[in-house]
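Here is entry.cif, consisting of mmCIF, N, CA and C atoms:
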data_coords
loop_
_atom_site.label_atom_id
_atom_site.label_comp_id
_atom_site.auth_asym_id
_atom_site.auth_seq_id
_atom_site.Cartn_x
_atom_site.Cartn_y
_atom_site.Cartn_z
N MET M 1103 8.62 -30.13 53.06
CA MET M 1103 8.21 -28.77 53.24
C MET M 1103 9.33 -27.78 52.94
N LYS M 1104 10.58 -28.24 52.96
CA LYS M 1104 11.64 -27.28 52.72
C LYS M 1104 11.76 -26.88 51.25
N ASN M 1105 11.16 -27.61 50.30
CA ASN M 1105 11.21 -27.27 48.88
C ASN M 1105 10.04 -26.38 48.44
N LYS M 1106 9.21 -25.97 49.38
CA LYS M 1106 8.05 -25.17 49.04
C LYS M 1106 8.50 -23.79 48.56
N GLY M 1107 8.00 -23.37 47.38
CA GLY M 1107 8.37 -22.06 46.84
C GLY M 1107 9.63 -22.09 45.99
N LYS M 1108 10.32 -23.18 45.96
CA LYS M 1108 11.54 -23.27 45.17
C LYS M 1108 11.27 -24.14 43.95
N LEU M 1109 11.88 -23.74 42.84
CA LEU M 1109 11.73 -24.52 41.61
C LEU M 1109 12.96 -25.39 41.41
N ARG M 1110 12.72 -26.51 40.81
CA ARG M 1110 13.84 -27.38 40.50
C ARG M 1110 14.63 -26.80 39.34
N LEU M 1111 15.80 -27.28 39.13
CA LEU M 1111 16.69 -26.77 38.08
C LEU M 1111 16.05 -26.93 36.71
N GLY M 1112 15.41 -28.04 36.44
CA GLY M 1112 14.75 -28.28 35.15
C GLY M 1112 13.64 -27.27 34.89
N ALA M 1113 12.89 -26.94 35.92
CA ALA M 1113 11.80 -25.96 35.78
C ALA M 1113 12.36 -24.57 35.53
N LYS M 1114 13.46 -24.22 36.19
CA LYS M 1114 14.09 -22.92 35.97
C LYS M 1114 14.60 -22.80 34.53
N ILE M 1115 15.25 -23.84 34.05
CA ILE M 1115 15.76 -23.84 32.68
C ILE M 1115 14.61 -23.72 31.69
N LEU M 1116 13.53 -24.44 31.95
CA LEU M 1116 12.35 -24.37 31.08
C LEU M 1116 11.75 -22.97 31.07
N LEU M 1117 11.64 -22.32 32.22
CA LEU M 1117 11.11 -20.96 32.29
C LEU M 1117 12.00 -19.97 31.54
N ILE M 1118 13.31 -20.11 31.69
CA ILE M 1118 14.23 -19.24 30.96
C ILE M 1118 14.09 -19.46 29.46
N PHE M 1119 14.03 -20.71 29.05
CA PHE M 1119 13.88 -21.04 27.63
C PHE M 1119 12.57 -20.48 27.07
N LEU M 1120 11.48 -20.67 27.78
CA LEU M 1120 10.19 -20.15 27.33
C LEU M 1120 10.18 -18.63 27.28
N SER M 1121 10.83 -18.00 28.26
CA SER M 1121 10.91 -16.53 28.26
C SER M 1121 11.67 -16.03 27.04
N VAL M 1122 12.77 -16.68 26.72
CA VAL M 1122 13.56 -16.29 25.54
C VAL M 1122 12.74 -16.49 24.28
N ILE M 1123 12.03 -17.59 24.17
CA ILE M 1123 11.20 -17.86 22.99
C ILE M 1123 10.10 -16.81 22.86
N ILE M 1124 9.45 -16.47 23.95
CA ILE M 1124 8.37 -15.47 23.91
C ILE M 1124 8.91 -14.10 23.52
N ILE M 1125 10.04 -13.70 24.11
CA ILE M 1125 10.64 -12.40 23.77
C ILE M 1125 11.06 -12.38 22.31
N PHE M 1126 11.70 -13.45 21.85
CA PHE M 1126 12.12 -13.54 20.45
C PHE M 1126 10.92 -13.47 19.51
N SER M 1127 9.85 -14.18 19.85
CA SER M 1127 8.64 -14.16 19.02
C SER M 1127 8.03 -12.76 18.97
N ALA M 1128 8.02 -12.07 20.10
CA ALA M 1128 7.48 -10.71 20.13
C ALA M 1128 8.31 -9.77 19.26
N ILE M 1129 9.62 -9.90 19.32
CA ILE M 1129 10.50 -9.05 18.51
C ILE M 1129 10.29 -9.34 17.03
N VAL M 1130 10.25 -10.60 16.66
CA VAL M 1130 10.04 -10.97 15.26
C VAL M 1130 8.67 -10.49 14.78
N GLY M 1131 7.65 -10.65 15.60
CA GLY M 1131 6.31 -10.18 15.24
C GLY M 1131 6.28 -8.68 15.01
N TYR M 1132 6.95 -7.93 15.88
CA TYR M 1132 7.02 -6.48 15.73
C TYR M 1132 7.73 -6.10 14.43
N MET M 1133 8.86 -6.75 14.15
CA MET M 1133 9.63 -6.43 12.94
C MET M 1133 8.82 -6.76 11.68
N VAL M 1134 8.15 -7.90 11.67
CA VAL M 1134 7.34 -8.29 10.51
C VAL M 1134 6.20 -7.29 10.32
N ASN M 1135 5.55 -6.91 11.40
CA ASN M 1135 4.45 -5.95 11.33
C ASN M 1135 4.94 -4.61 10.77
N ARG M 1136 6.06 -4.14 11.26
CA ARG M 1136 6.61 -2.86 10.79
C ARG M 1136 6.99 -2.93 9.31
N GLU M 1137 7.63 -4.02 8.91
CA GLU M 1137 8.05 -4.17 7.52
C GLU M 1137 6.84 -4.26 6.58
N MET M 1138 5.83 -5.01 6.99
CA MET M 1138 4.63 -5.12 6.16
C MET M 1138 3.92 -3.78 6.04
N THR M 1139 3.86 -3.03 7.13
CA THR M 1139 3.22 -1.71 7.10
C THR M 1139 3.95 -0.79 6.13
N GLU M 1140 5.27 -0.79 6.17
CA GLU M 1140 6.05 0.05 5.25
C GLU M 1140 5.83 -0.37 3.81
N ASN M 1141 5.82 -1.68 3.55
CA ASN M 1141 5.62 -2.17 2.18
C ASN M 1141 4.22 -1.83 1.67
N ILE M 1142 3.22 -1.95 2.52
CA ILE M 1142 1.85 -1.63 2.11
C ILE M 1142 1.74 -0.15 1.79
N LYS M 1143 2.34 0.71 2.62
CA LYS M 1143 2.32 2.15 2.34
C LYS M 1143 3.01 2.45 1.02
N HIS M 1144 4.15 1.79 0.78
CA HIS M 1144 4.89 2.02 -0.47
C HIS M 1144 4.06 1.57 -1.67
N MET M 1145 3.46 0.40 -1.58
CA MET M 1145 2.64 -0.10 -2.70
C MET M 1145 1.44 0.80 -2.94
N ALA M 1146 0.81 1.27 -1.87
CA ALA M 1146 -0.35 2.16 -2.03
C ALA M 1146 0.06 3.47 -2.68
N THR M 1147 1.23 3.98 -2.30
CA THR M 1147 1.72 5.23 -2.91
C THR M 1147 1.99 5.03 -4.39
N GLU M 1148 2.64 3.93 -4.74
CA GLU M 1148 2.93 3.66 -6.15
C GLU M 1148 1.65 3.48 -6.96
N LYS M 1149 0.67 2.79 -6.39
CA LYS M 1149 -0.59 2.60 -7.10
C LYS M 1149 -1.30 3.94 -7.29
N THR M 1150 -1.27 4.77 -6.27
CA THR M 1150 -1.91 6.08 -6.38
C THR M 1150 -1.23 6.92 -7.46
N LYS M 1151 0.09 6.87 -7.52
CA LYS M 1151 0.81 7.61 -8.56
C LYS M 1151 0.39 7.13 -9.94
N GLY M 1152 0.28 5.82 -10.11
CA GLY M 1152 -0.16 5.26 -11.39
C GLY M 1152 -1.58 5.66 -11.73
N ASP M 1153 -2.45 5.65 -10.73
CA ASP M 1153 -3.85 6.04 -10.96
C ASP M 1153 -3.95 7.51 -11.35
N VAL M 1154 -3.13 8.35 -10.71
CA VAL M 1154 -3.15 9.78 -11.05
C VAL M 1154 -2.66 9.98 -12.48
N LYS M 1155 -1.60 9.28 -12.87
CA LYS M 1155 -1.09 9.39 -14.25
C LYS M 1155 -2.14 8.93 -15.25
N LEU M 1156 -2.80 7.82 -14.94
CA LEU M 1156 -3.84 7.30 -15.83
C LEU M 1156 -5.00 8.28 -15.94
N GLY M 1157 -5.43 8.83 -14.82
CA GLY M 1157 -6.51 9.80 -14.84
C GLY M 1157 -6.14 11.05 -15.61
N TYR M 1158 -4.92 11.51 -15.44
CA TYR M 1158 -4.45 12.69 -16.17
C TYR M 1158 -4.41 12.41 -17.67
N ALA M 1159 -3.92 11.24 -18.05
CA ALA M 1159 -3.89 10.87 -19.47
C ALA M 1159 -5.30 10.79 -20.03
N TYR M 1160 -6.22 10.25 -19.26
CA TYR M 1160 -7.62 10.15 -19.70
C TYR M 1160 -8.21 11.55 -19.90
N LEU M 1161 -7.94 12.44 -18.96
CA LEU M 1161 -8.45 13.81 -19.09
C LEU M 1161 -7.86 14.52 -20.31
N LEU M 1162 -6.57 14.32 -20.55
CA LEU M 1162 -5.95 14.93 -21.72
C LEU M 1162 -6.57 14.40 -23.01
N LYS M 1163 -6.76 13.09 -23.05
CA LYS M 1163 -7.33 12.47 -24.25
C LYS M 1163 -8.76 12.97 -24.46
N THR M 1164 -9.53 13.06 -23.39
CA THR M 1164 -10.90 13.56 -23.49
C THR M 1164 -10.91 15.00 -23.97
N GLN M 1165 -10.01 15.80 -23.44
CA GLN M 1165 -9.92 17.20 -23.85
C GLN M 1165 -9.54 17.30 -25.33
N GLN M 1166 -8.60 16.48 -25.76
CA GLN M 1166 -8.19 16.50 -27.17
C GLN M 1166 -9.35 16.10 -28.07
N LEU M 1167 -10.11 15.09 -27.66
CA LEU M 1167 -11.25 14.66 -28.47
C LEU M 1167 -12.30 15.76 -28.56
N LYS M 1168 -12.55 16.44 -27.45
CA LYS M 1168 -13.53 17.54 -27.47
C LYS M 1168 -13.06 18.67 -28.37
N GLN M 1169 -11.78 18.99 -28.31
CA GLN M 1169 -11.25 20.04 -29.17
C GLN M 1169 -11.36 19.63 -30.63
N HIS M 1170 -11.08 18.37 -30.91
CA HIS M 1170 -11.18 17.87 -32.28
C HIS M 1170 -12.63 17.93 -32.76
N GLU M 1171 -13.56 17.53 -31.90
CA GLU M 1171 -14.98 17.60 -32.26
C GLU M 1171 -15.41 19.04 -32.50
N GLN M 1172 -14.97 19.94 -31.65
CA GLN M 1172 -15.33 21.35 -31.82
C GLN M 1172 -14.74 21.90 -33.11
N ALA M 1173 -13.51 21.51 -33.41
CA ALA M 1173 -12.88 21.97 -34.65
C ALA M 1173 -13.63 21.41 -35.85
N SER M 1174 -14.05 20.15 -35.77
CA SER M 1174 -14.81 19.54 -36.87
C SER M 1174 -16.15 20.22 -37.03
N MET M 1175 -16.80 20.54 -35.93
CA MET M 1175 -18.09 21.22 -36.00
C MET M 1175 -17.91 22.62 -36.58
N GLY M 1176 -16.84 23.29 -36.25
CA GLY M 1176 -16.57 24.61 -36.79
C GLY M 1176 -16.35 24.56 -38.28
N LYS M 1177 -15.65 23.53 -38.75
CA LYS M 1177 -15.43 23.36 -40.19
C LYS M 1177 -16.76 23.09 -40.89
N ASP M 1178 -17.58 22.25 -40.27
CA ASP M 1178 -18.88 21.93 -40.86
C ASP M 1178 -19.74 23.19 -40.95
N LEU M 1179 -19.70 24.01 -39.91
CA LEU M 1179 -20.48 25.25 -39.92
C LEU M 1179 -19.99 26.20 -41.01
N ARG M 1180 -18.67 26.30 -41.13
CA ARG M 1180 -18.12 27.18 -42.16
C ARG M 1180 -18.47 26.68 -43.56
N LEU M 1181 -18.42 25.36 -43.72
CA LEU M 1181 -18.76 24.79 -45.03
C LEU M 1181 -20.23 25.01 -45.35
N SER M 1182 -21.10 24.84 -44.37
CA SER M 1182 -22.53 25.02 -44.62
C SER M 1182 -22.87 26.49 -44.86
N GLN M 1183 -22.12 27.39 -44.26
CA GLN M 1183 -22.38 28.82 -44.45
C GLN M 1183 -21.93 29.28 -45.83
N THR M 1184 -20.89 28.65 -46.36
CA THR M 1184 -20.39 29.05 -47.68
C THR M 1184 -21.25 28.50 -48.80
N LYS M 1185 -22.03 27.50 -48.57
CA LYS M 1185 -22.84 26.89 -49.63
C LYS M 1185 -24.05 27.65 -49.89
#
If you convert what's in this file into structure tokens, what do you get?
Amino acid sequence: MKNKGKLRLGAKILLIFLSVIIIFSAIVGYMVNREMTENIKHMATEKTKGDVKLGYAYLLKTQQLKQHEQASMGKDLRLSQTK
């Protein structure tokens, strides 16, 4: 009855070891989560920049084609009017 409520030395060492492992795992998990979040944000930003550049280039090309078509139609109209 005198050992009631007391842990043996082996149990104390095991509890300390498990506590250290749990704390270490929590710290590593937090660091990995933070690093992954930062990397995902960075990749999303870079992809968005690329998408914006591609969209802008597409709009410019479309605008150039429309201007070229309008210029061609204007030439055709002028040619048909002179005939």
* By how many Å are atom N of M:Ile1124 and atom N of M:Asn1141 apart? ->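 Interatomic distance here is 25.5 Å.
Between atom C of M:Gln1172 and atom C of M:Tyr1160 lies a distance of 18.0 Å.
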* To do: Quick one: pull the distance between atom N of M:Thr1164 and atom C of M:Gly1176, Å, one decimal.
  =>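 The value is 20.0 Å.
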